[in-house]
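Below is one structure, written out as structure tokens, with a few remarks after it.
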Amino acid sequence: MAEIVIKNVAKSFGSFKALHAIDLTITDQEFMVLLGASGCGKTTLLRIIAGLETPSQGEVWIGGRRVDHLPPRERGISMVFQNYAVFPHLTVYENIAFGLRMKKLPQAEVDKRVKRTAELMHIEQLLKRYSGQLSGGQRQRVAVARALAMEPDVILMDEPLSNLDALLRLEMRAELKGVLAESKTTTIYVTHDQVEAMSLADRISVMNGGRIVQAASPVEVYRNPAARFVGSFIGNPPMNFITARRLGDGRWQAADLTLDGPAVQQDKLEFAIRPEDVNVAEGGLKAVARVVEPLGAHTLVTCEVGGGLFRAVLDSDMRVAPGDELSLVPKPDRIRWFDPQSELAV
Ligand code: ATP
């Protein structure tokens, strides 16, 4: 069992607060992705769990053991980082065997584990090659194989695919997902790539400014963002937001559309809808198409609605040209509302 519990963990660098009192539990064998823009604190949190950074406050527990005072090697974790340290002067075999030799495992056991993980990562034919002669993708596989060979309860990965070209990333992504599910490890994976996060994660922790804004399944963070930030960060293009005024008794006015919404007392809320959650039909938001971008399966239309920009993803069979007037009807069950002050979902 390797549940990871982060209790009230904060980190300051001088007067700068990189992490604000984080509480997070990653369940045994879960694949948790830490997702956020550059500088939001993902790497700092990962390094604290790894033991490469000391928290200013709080506790880290792995598998029921408090580990925040232990050095990295005593935490039962393996790490794969962006600039994967594969030793160029060692063969692939010796690279994978490296940690096992440090642990002084018998040669037969080393051999068994190296061969098994090399097979898993499809690099068994490269075992005798020097790592300096490998491609980026191959070196990446070696780094992952080395981490897996340790049979850790926990694997921590920081942007492990970021040095690969797009096609290789896609391939490795699918492979990693399969291998890690099979190996039954608990995984924490840092990325700023939302597609990678959505495809890999059991749960995503969306981070912003040193805080976890929402920790939920990929579908949940996409469909039900807990905060405006999540709706604006996840989704490409992101959610549309329109300031709505209260008409009374749960009726709201968003641009020229009158609709039902939350029965709250404040005067303003933000009405939010994803670009793909509108239909062209009578009685919707009045929109003027400004930019029309055919994307193959769909057409992205950037419109003007009530003086602001609004993006709609429409069926590519629809003929739309710049200057056309459209009426966009939001799908009622996909409408979300946010409080403009707290920026949280209402
Ligand atoms: P990226 O995706 O760019 O790696 P990140 O979300 O992983 O970003 P962190 O590396 O965790 O971000 O950094 C969080 C904040 O803490 C940043 O503003 C960074 O400049 C700051 N920071 C990180 N390490 C240190 C340090 N050793 N000293 C001072 N500030 C630091």
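Chain lettering (A, B, ...) mirrors the order of the structure tokens, residue numbering begins at 1 for each chain separately, and ligand numbering begins at 1 in order of display.
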
Inset, instruction - Output as an MDAnalysis selection string all residues of region 185-268 of chain A that backbone DSSP marks as alpha helix (DSSP H). - result: chainID A and resid 194:200 218:223 228:233

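Identified as lying at most 8 Å from ligand 1 when counting only C-alpha atoms and all ligand atoms are the residues Ser12, Phe13, Gly14, Phe16, Lys17, Ala18, Leu19, Gly36, Ala37, Ser38, Gly39, Cys40, Gly41, Lys42, Thr43, Thr44, Leu45, Leu46, Val190, Thr191, His192, Met207 and Gly210 of chain A.
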
Legend entry - Residues near Val301 (chain A), cut-off 12 Å, only C-alpha atoms, skip fewer than 4 positions along chain, as a VMD selection string: chain A and resid 237 275 to 276 278 280 287 to 295 305 309 to 316 318 to 326 328

Inset, instruction - Taking the chain letters and numbering used in this document, name the residues of region 259-296 of chain A that DSSP puts in strand (DSSP E), as a PyMOL selection string. - result: chain A and resi 259-260+268-273+278-294

Return as a Markdown table the residues of region 170-248 of chain A lying at most 9 Å from region 107-121 of chain A, together with the closest atom-to-atom pair for each and the distance in Å to one decimal, counting only C-alpha atoms, with rows in chain order and ascending residue number.
| residue | atom | partner | partner_atom | distance |
| --- | --- | --- | --- | --- |
| A:Glu175 | CA | A:Met121 | CA | 7.7 |
| A:Leu176 | CA | A:Met121 | CA | 8.5 |
| A:Val179 | CA | A:Leu120 | CA | 6.9 |

Go ahead and write the selection's residues with N, CA, C and O atoms as a compact mmCIF listing (two decimals), in the first residue's frame.
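Saved to again_3.txt:
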# COMPACT_ATOMS: atom_id res chain seq x y z
N GLU A 175 2.15 4.39 -23.89
CA GLU A 175 2.94 3.30 -23.33
C GLU A 175 3.07 3.43 -21.81
O GLU A 175 2.88 2.46 -21.08
N LEU A 176 3.37 4.65 -21.37
CA LEU A 176 3.52 4.91 -19.94
C LEU A 176 2.25 4.54 -19.19
O LEU A 176 2.30 3.92 -18.13
N VAL A 179 2.01 0.74 -18.93
CA VAL A 179 3.05 0.15 -18.09
C VAL A 179 2.80 0.47 -16.61
O VAL A 179 2.90 -0.40 -15.75

Non-local contacts of Ser199 (chain A) (10 Å; only C-alpha atoms; under 4 positions in same chain excluded) as a compact mmCIF listing (two decimals) with N, CA, C and O atoms, in the first residue's frame:
# COMPACT_ATOMS: atom_id res chain seq x y z
N LEU A 170 3.26 11.20 -28.04
CA LEU A 170 1.98 10.53 -28.12
C LEU A 170 2.15 9.03 -27.88
O LEU A 170 1.40 8.41 -27.12
N ARG A 173 3.28 8.36 -24.27
CA ARG A 173 2.19 8.64 -23.36
C ARG A 173 1.32 7.39 -23.19
O ARG A 173 1.04 6.96 -22.08
N ALA A 174 0.95 6.82 -24.31
CA ALA A 174 0.10 5.63 -24.28
C ALA A 174 0.84 4.49 -23.60
O ALA A 174 0.27 3.73 -22.80
N LYS A 177 1.15 4.93 -19.76
CA LYS A 177 -0.13 4.69 -19.11
C LYS A 177 -0.33 3.20 -18.88
O LYS A 177 -0.68 2.76 -17.79
N GLN A 194 -2.11 20.12 -20.83
CA GLN A 194 -3.42 19.64 -20.39
C GLN A 194 -3.87 18.38 -21.12
O GLN A 194 -4.57 17.55 -20.55
N VAL A 195 -3.45 18.22 -22.36
CA VAL A 195 -3.86 17.02 -23.10
C VAL A 195 -3.20 15.79 -22.46
O VAL A 195 -3.83 14.75 -22.24
N PRO A 218 -10.42 13.76 -14.75
CA PRO A 218 -10.33 14.63 -15.93
C PRO A 218 -11.70 15.11 -16.42
O PRO A 218 -11.87 16.28 -16.75

Legend entry - CA of Thr185 (chain A) to CA of Asn8 (chain A), straight-line distance in Å: 24.2 Å

Legend entry - Nearest to Thr25 (chain A) by atom-to-atom distance, counting only C-alpha atoms, from A:Ile96, A:Leu134, A:Ile188, A:Val86: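 Of all the options, A:Ile188 lies closest to Thr25 (chain A).
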
Legend entry - Surrounding residues of Gly76 (chain A) excluding itself and chain neighbours under 6 positions, 7 Å, only C-alpha atoms, as a list in words: Pro152, Asp153 and Val154 of chain A

Inset, instruction - Tell me, as number ranges by chain, which residues lie within 12 Å of Gly248 (chain A), counting only C-alpha atoms; anything in the same chain fewer than 3 positions away does not count. - result: A: 244-245, 251-253, 258-268

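Among the candidates A:Ile242, A:Leu105, A:Met157, A:Ala345, the one nearest to Gly306 (chain A) when counting only C-alpha atoms is A:Ile242.
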
Legend entry - Selection: 9 Å around Glu59 (chain A), only C-alpha atoms, excl. self and same-chain fewer than 5 positions, as an MDAnalysis selection string: chainID A and resid 5:9 66:69

I need the residues from that last selection saved to file as a PDB file, in the first residue's frame (with all heavy atoms), if you can.
ATOM      1  N   VAL A   5       0.003  11.042   1.572  1.00  0.00           N
ATOM      2  CA  VAL A   5      -0.816  12.084   2.192  1.00  0.00           C
ATOM      3  C   VAL A   5       0.038  13.322   2.422  1.00  0.00           C
ATOM      4  O   VAL A   5       1.111  13.242   3.038  1.00  0.00           O
ATOM      5  CB  VAL A   5      -1.422  11.596   3.536  1.00  0.00           C
ATOM      6  CG1 VAL A   5      -2.336  12.670   4.124  1.00  0.00           C
ATOM      7  CG2 VAL A   5      -2.199  10.299   3.334  1.00  0.00           C
ATOM      8  N   ILE A   6      -0.427  14.426   1.877  1.00  0.00           N
ATOM      9  CA  ILE A   6       0.250  15.710   2.045  1.00  0.00           C
ATOM     10  C   ILE A   6      -0.626  16.545   2.955  1.00  0.00           C
ATOM     11  O   ILE A   6      -1.793  16.786   2.650  1.00  0.00           O
ATOM     12  CB  ILE A   6       0.445  16.385   0.673  1.00  0.00           C
ATOM     13  CG1 ILE A   6       1.386  15.524  -0.172  1.00  0.00           C
ATOM     14  CG2 ILE A   6       0.998  17.795   0.813  1.00  0.00           C
ATOM     15  CD1 ILE A   6       1.117  15.633  -1.636  1.00  0.00           C
ATOM     16  N   LYS A   7      -0.041  16.917   4.118  1.00  0.00           N
ATOM     17  CA  LYS A   7      -0.848  17.615   5.123  1.00  0.00           C
ATOM     18  C   LYS A   7      -0.293  19.006   5.347  1.00  0.00           C
ATOM     19  O   LYS A   7       0.834  19.147   5.829  1.00  0.00           O
ATOM     20  CB  LYS A   7      -0.779  16.872   6.470  1.00  0.00           C
ATOM     21  CG  LYS A   7      -1.523  15.560   6.510  1.00  0.00           C
ATOM     22  CD  LYS A   7      -1.531  15.034   7.948  1.00  0.00           C
ATOM     23  CE  LYS A   7      -1.928  13.567   7.956  1.00  0.00           C
ATOM     24  NZ  LYS A   7      -1.752  12.953   9.264  1.00  0.00           N
ATOM     25  N   ASN A   8      -1.059  19.999   4.958  1.00  0.00           N
ATOM     26  CA  ASN A   8      -0.749  21.382   5.320  1.00  0.00           C
ATOM     27  C   ASN A   8       0.673  21.800   4.907  1.00  0.00           C
ATOM     28  O   ASN A   8       1.349  22.513   5.631  1.00  0.00           O
ATOM     29  CB  ASN A   8      -0.934  21.523   6.847  1.00  0.00           C
ATOM     30  CG  ASN A   8      -1.058  22.961   7.264  1.00  0.00           C
ATOM     31  OD1 ASN A   8      -1.546  23.795   6.492  1.00  0.00           O
ATOM     32  ND2 ASN A   8      -0.599  23.258   8.469  1.00  0.00           N
ATOM     33  N   VAL A   9       1.097  21.336   3.730  1.00  0.00           N
ATOM     34  CA  VAL A   9       2.470  21.604   3.285  1.00  0.00           C
ATOM     35  C   VAL A   9       2.563  22.984   2.625  1.00  0.00           C
ATOM     36  O   VAL A   9       1.818  23.291   1.690  1.00  0.00           O
ATOM     37  CB  VAL A   9       2.965  20.512   2.311  1.00  0.00           C
ATOM     38  CG1 VAL A   9       4.187  20.983   1.529  1.00  0.00           C
ATOM     39  CG2 VAL A   9       3.296  19.234   3.077  1.00  0.00           C
ATOM     40  N   ARG A  66       5.437   8.554   8.170  1.00  0.00           N
ATOM     41  CA  ARG A  66       5.789   9.955   7.978  1.00  0.00           C
ATOM     42  C   ARG A  66       7.205  10.026   7.415  1.00  0.00           C
ATOM     43  O   ARG A  66       8.136   9.463   7.988  1.00  0.00           O
ATOM     44  CB  ARG A  66       5.693  10.716   9.299  1.00  0.00           C
ATOM     45  CG  ARG A  66       5.915  12.187   9.078  1.00  0.00           C
ATOM     46  CD  ARG A  66       5.541  13.049  10.251  1.00  0.00           C
ATOM     47  NE  ARG A  66       5.960  14.412   9.946  1.00  0.00           N
ATOM     48  CZ  ARG A  66       5.930  15.413  10.789  1.00  0.00           C
ATOM     49  NH1 ARG A  66       5.482  15.227  12.005  1.00  0.00           N
ATOM     50  NH2 ARG A  66       6.344  16.615  10.421  1.00  0.00           N
ATOM     51  N   VAL A  67       7.379  10.717   6.271  1.00  0.00           N
ATOM     52  CA  VAL A  67       8.686  10.669   5.587  1.00  0.00           C
ATOM     53  C   VAL A  67       9.349  12.030   5.449  1.00  0.00           C
ATOM     54  O   VAL A  67      10.462  12.121   4.923  1.00  0.00           O
ATOM     55  CB  VAL A  67       8.557  10.041   4.170  1.00  0.00           C
ATOM     56  CG1 VAL A  67       8.063   8.607   4.252  1.00  0.00           C
ATOM     57  CG2 VAL A  67       7.666  10.881   3.262  1.00  0.00           C
ATOM     58  N   ASP A  68       8.699  13.113   5.901  1.00  0.00           N
ATOM     59  CA  ASP A  68       9.275  14.429   5.569  1.00  0.00           C
ATOM     60  C   ASP A  68      10.618  14.713   6.222  1.00  0.00           C
ATOM     61  O   ASP A  68      11.316  15.621   5.818  1.00  0.00           O
ATOM     62  CB  ASP A  68       8.263  15.572   5.803  1.00  0.00           C
ATOM     63  CG  ASP A  68       7.543  15.455   7.110  1.00  0.00           C
ATOM     64  OD1 ASP A  68       8.069  15.960   8.100  1.00  0.00           O
ATOM     65  OD2 ASP A  68       6.461  14.828   7.135  1.00  0.00           O
ATOM     66  N   HIS A  69      11.000  13.895   7.199  1.00  0.00           N
ATOM     67  CA  HIS A  69      12.327  14.079   7.799  1.00  0.00           C
ATOM     68  C   HIS A  69      13.332  13.050   7.242  1.00  0.00           C
ATOM     69  O   HIS A  69      14.477  13.034   7.649  1.00  0.00           O
ATOM     70  CB  HIS A  69      12.215  13.959   9.322  1.00  0.00           C
ATOM     71  CG  HIS A  69      11.557  12.678   9.734  1.00  0.00           C
ATOM     72  ND1 HIS A  69      10.188  12.493   9.673  1.00  0.00           N
ATOM     73  CD2 HIS A  69      12.080  11.504  10.140  1.00  0.00           C
ATOM     74  CE1 HIS A  69       9.896  11.257  10.044  1.00  0.00           C
ATOM     75  NE2 HIS A  69      11.034  10.632  10.327  1.00  0.00           N
TER      76      HIS A  69
END

Legend entry - Which of A:Ser232, A:Pro225, A:Met150, A:Asn240 sits closest to Met102 (chain A) [using only C-alpha atoms]: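 Ranked by minimum distance to Met102 (chain A), first place goes to A:Met150.
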
Inset, instruction - May I ask for the distance between CA of Met172 (chain A) and CA of Ala145 (chain A), given in Å to one decimal place? - result: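 Distance between the two atoms: 12.4 Å.
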
Inset, instruction - Could you tell me which of A:Ile212, A:Ile77, A:Ala254, A:Val92 comes closest to Glu151 (chain A) if we count only C-alpha atoms? - result: A:Ile77
